[in-house]
Amino acid sequence: METSISNKDKKTFVRWFLKRFDLKRRECVWILNYIIGDDDLLSQVHFVEDAHYCPRALVISTTESSGIPFRFYKGNIMTADPEKSFHDLRMNNEKAIYIQLNFPKQPPAEQYLAVLEENPFISSYMQISSEDKQVAQKMLSKSVYEFQHSNLLQQIDAALDAGNKDKFLELTALLNDLEAETAQ
């Protein structure tokens, strides 16, 4: 799988990640440092979600994550032994490796989004369709509108109760703008 993400961007991300988070297994720090020290290997690295679907993958978790501390997948074999994965990385630095990092991602850090790739091994039935994305976006937009509308109505009522004509006019103008945007 060819990637458009540069080794420089991957190194920057891994360094950012290692400075910011503590890992559940200290060996994972060694593995990540080894990866960024080998440009040939690093060019084969792909940061993805749900890496366990990939033919060769690492799953690494931070202490803040509820995820498994460490897993290495290769074909039908899975191990929690970091030494086995390290050996495989050293011996097969020309083969693609997919890495899933379990760490707090709310909101997603731009450093992470800069290196995150779509997992090519996830079945199409498990991916969100464009129609589902549109429905979700419409629901989100409607929810945001209803919240803003309700909030403005409450503020208008408070301005009326306080006899604040200027605030009332300002808020009704905002309400009219909001309703006009939604009508389009």
# chains A, B, ... in the order shown; residues from 1 in each chain; ligands from 1

call {"tool": "select_by_dssp", "arguments": {"residues": "range 5-169 of chain A", "states": "helix (DSSP H, G or I)", "output": "count of residues only"}}
result
90

call {"tool": "residues_around", "arguments": {"residues": "range 142-145 of chain A", "least_positions_apart": "5", "cutoff": "10 Å", "atoms": "only C-alpha atoms", "output": "PyMOL selection string"}}
result
chain A and resi 136-137+150-151+178-179+181-182

call {"tool": "select_by_dssp", "arguments": {"residues": "range 3-184 of chain A", "states": "strand (DSSP E or B)", "output": "PDB file with C-alpha atoms, in the first residue's frame"}}
result
ATOM      1  CA  LEU A  23       2.484   3.502  27.442  1.00  0.00           C
ATOM      2  CA  VAL A  45       4.271   2.079   8.577  1.00  0.00           C
ATOM      3  CA  HIS A  46       0.580   2.955   8.326  1.00  0.00           C
ATOM      4  CA  PHE A  47      -1.329   4.384  11.289  1.00  0.00           C
ATOM      5  CA  ARG A  56       0.645  -7.481   9.966  1.00  0.00           C
ATOM      6  CA  ALA A  57      -0.166  -5.102  12.777  1.00  0.00           C
ATOM      7  CA  LEU A  58       0.757  -3.635  16.138  1.00  0.00           C
ATOM      8  CA  VAL A  59      -1.735  -2.428  18.723  1.00  0.00           C
ATOM      9  CA  ILE A  60      -0.232  -0.189  21.398  1.00  0.00           C
ATOM     10  CA  SER A  61      -2.108   1.443  24.287  1.00  0.00           C
ATOM     11  CA  THR A  62      -1.405   4.337  26.605  1.00  0.00           C
ATOM     12  CA  PHE A  70       0.072  -4.582  23.399  1.00  0.00           C
ATOM     13  CA  ARG A  71      -0.677  -6.997  20.564  1.00  0.00           C
ATOM     14  CA  PHE A  72       1.210  -8.078  17.466  1.00  0.00           C
ATOM     15  CA  TYR A  73      -0.687  -9.695  14.606  1.00  0.00           C
ATOM     16  CA  LYS A  74       0.851 -11.537  11.687  1.00  0.00           C
ATOM     17  CA  ILE A  77      -0.866 -15.460  14.703  1.00  0.00           C
ATOM     18  CA  MET A  78      -1.362 -13.053  17.580  1.00  0.00           C
ATOM     19  CA  THR A  79       1.030 -12.459  20.452  1.00  0.00           C
ATOM     20  CA  ILE A  97       3.032  -2.758   9.104  1.00  0.00           C
ATOM     21  CA  TYR A  98      -0.200  -1.245  10.392  1.00  0.00           C
ATOM     22  CA  ILE A  99      -0.178   0.429  13.790  1.00  0.00           C
ATOM     23  CA  GLN A 100      -3.183   1.178  15.968  1.00  0.00           C
ATOM     24  CA  LEU A 101      -2.537   3.508  18.876  1.00  0.00           C
ATOM     25  CA  ASN A 102      -5.086   3.476  21.670  1.00  0.00           C
ATOM     26  CA  LEU A 116      -4.017   8.528  10.134  1.00  0.00           C
TER      27      LEU A 116
END

call {"tool": "closest_residue", "arguments": {"among": "A:Gly163, A:Gly37, A:Pro82, A:Pro55", "to": "Phe121 in chain A", "atoms": "only C-alpha atoms"}}
result
A:Pro55

call {"tool": "atom_distance", "arguments": {"atom1": "CA of Glu117 in chain A", "atom2": "CA of Thr12 in chain A"}}
result
15.8 Å

call {"tool": "decode", "arguments": {"residues": "range 18-55 of chain A", "atoms": "N, CA and C atoms", "output": "compact mmCIF listing (two decimals), in the first residue's frame"}}
result
# COMPACT_ATOMS: atom_id res chain seq x y z
N LEU A 18 5.04 10.11 21.95
CA LEU A 18 5.85 9.60 23.05
C LEU A 18 6.09 10.65 24.14
N LYS A 19 6.16 11.92 23.76
CA LYS A 19 6.31 12.98 24.76
C LYS A 19 5.05 13.18 25.58
N ARG A 20 3.92 12.97 24.96
CA ARG A 20 2.64 13.30 25.57
C ARG A 20 2.05 12.15 26.39
N PHE A 21 2.32 10.91 26.03
CA PHE A 21 1.63 9.78 26.65
C PHE A 21 2.60 8.76 27.25
N ASP A 22 2.15 8.11 28.33
CA ASP A 22 2.85 6.97 28.91
C ASP A 22 2.19 5.71 28.38
N LEU A 23 3.02 4.74 28.01
CA LEU A 23 2.48 3.50 27.44
C LEU A 23 2.37 2.42 28.51
N LYS A 24 1.42 1.52 28.30
CA LYS A 24 1.20 0.45 29.27
C LYS A 24 2.37 -0.53 29.31
N ARG A 25 3.06 -0.68 28.20
CA ARG A 25 4.24 -1.57 28.15
C ARG A 25 5.44 -0.73 27.74
N ARG A 26 6.50 -0.73 28.54
CA ARG A 26 7.67 0.10 28.25
C ARG A 26 8.37 -0.35 26.96
N GLU A 27 8.22 -1.63 26.62
CA GLU A 27 8.83 -2.13 25.39
C GLU A 27 8.27 -1.42 24.15
N CYS A 28 7.06 -0.93 24.25
CA CYS A 28 6.44 -0.24 23.12
C CYS A 28 7.16 1.06 22.80
N VAL A 29 7.70 1.71 23.82
CA VAL A 29 8.50 2.92 23.60
C VAL A 29 9.73 2.54 22.77
N TRP A 30 10.37 1.44 23.12
CA TRP A 30 11.55 0.98 22.38
C TRP A 30 11.18 0.68 20.93
N ILE A 31 10.05 -0.02 20.75
CA ILE A 31 9.62 -0.38 19.40
C ILE A 31 9.36 0.86 18.56
N LEU A 32 8.63 1.82 19.11
CA LEU A 32 8.33 3.04 18.35
C LEU A 32 9.61 3.82 18.04
N ASN A 33 10.52 3.89 19.00
CA ASN A 33 11.79 4.57 18.73
C ASN A 33 12.61 3.83 17.67
N TYR A 34 12.58 2.51 17.70
CA TYR A 34 13.27 1.73 16.66
C TYR A 34 12.67 2.03 15.29
N ILE A 35 11.34 2.07 15.22
CA ILE A 35 10.66 2.31 13.94
C ILE A 35 11.06 3.67 13.36
N ILE A 36 11.05 4.71 14.19
CA ILE A 36 11.38 6.03 13.63
C ILE A 36 12.87 6.18 13.33
N GLY A 37 13.69 5.25 13.81
CA GLY A 37 15.12 5.27 13.51
C GLY A 37 15.48 4.52 12.23
N ASP A 38 14.54 3.82 11.65
CA ASP A 38 14.78 3.04 10.43
C ASP A 38 13.87 3.56 9.33
N ASP A 39 14.43 4.37 8.43
CA ASP A 39 13.61 5.01 7.39
C ASP A 39 12.94 4.01 6.46
N ASP A 40 13.60 2.89 6.16
CA ASP A 40 12.99 1.88 5.30
C ASP A 40 11.75 1.29 5.98
N LEU A 41 11.89 0.96 7.24
CA LEU A 41 10.76 0.43 8.00
C LEU A 41 9.66 1.49 8.15
N LEU A 42 10.07 2.69 8.48
CA LEU A 42 9.09 3.76 8.68
C LEU A 42 8.26 4.03 7.43
N SER A 43 8.87 3.87 6.27
CA SER A 43 8.12 4.08 5.03
C SER A 43 7.04 3.02 4.83
N GLN A 44 7.14 1.91 5.56
CA GLN A 44 6.15 0.84 5.48
C GLN A 44 5.07 0.94 6.56
N VAL A 45 5.19 1.93 7.45
CA VAL A 45 4.27 2.08 8.58
C VAL A 45 3.02 2.83 8.14
N HIS A 46 1.87 2.32 8.59
CA HIS A 46 0.58 2.96 8.33
C HIS A 46 -0.18 3.03 9.65
N PHE A 47 -0.54 4.22 10.07
CA PHE A 47 -1.33 4.38 11.29
C PHE A 47 -2.80 4.28 10.91
N VAL A 48 -3.49 3.30 11.51
CA VAL A 48 -4.89 3.01 11.17
C VAL A 48 -5.70 2.72 12.43
N GLU A 49 -6.98 2.68 12.26
CA GLU A 49 -7.88 2.19 13.30
C GLU A 49 -8.19 0.73 12.98
N ASP A 50 -8.55 -0.03 13.98
CA ASP A 50 -8.92 -1.44 13.82
C ASP A 50 -7.83 -2.24 13.11
N ALA A 51 -6.60 -2.11 13.59
CA ALA A 51 -5.45 -2.76 12.96
C ALA A 51 -5.53 -4.28 13.00
N HIS A 52 -6.31 -4.84 13.90
CA HIS A 52 -6.36 -6.31 14.01
C HIS A 52 -6.92 -6.96 12.73
N TYR A 53 -7.51 -6.18 11.84
CA TYR A 53 -7.98 -6.71 10.55
C TYR A 53 -6.85 -6.79 9.53
N CYS A 54 -5.72 -6.21 9.82
CA CYS A 54 -4.60 -6.13 8.88
C CYS A 54 -3.74 -7.39 8.96
N PRO A 55 -3.05 -7.71 7.87
CA PRO A 55 -2.23 -8.93 7.87
C PRO A 55 -1.01 -8.86 8.80
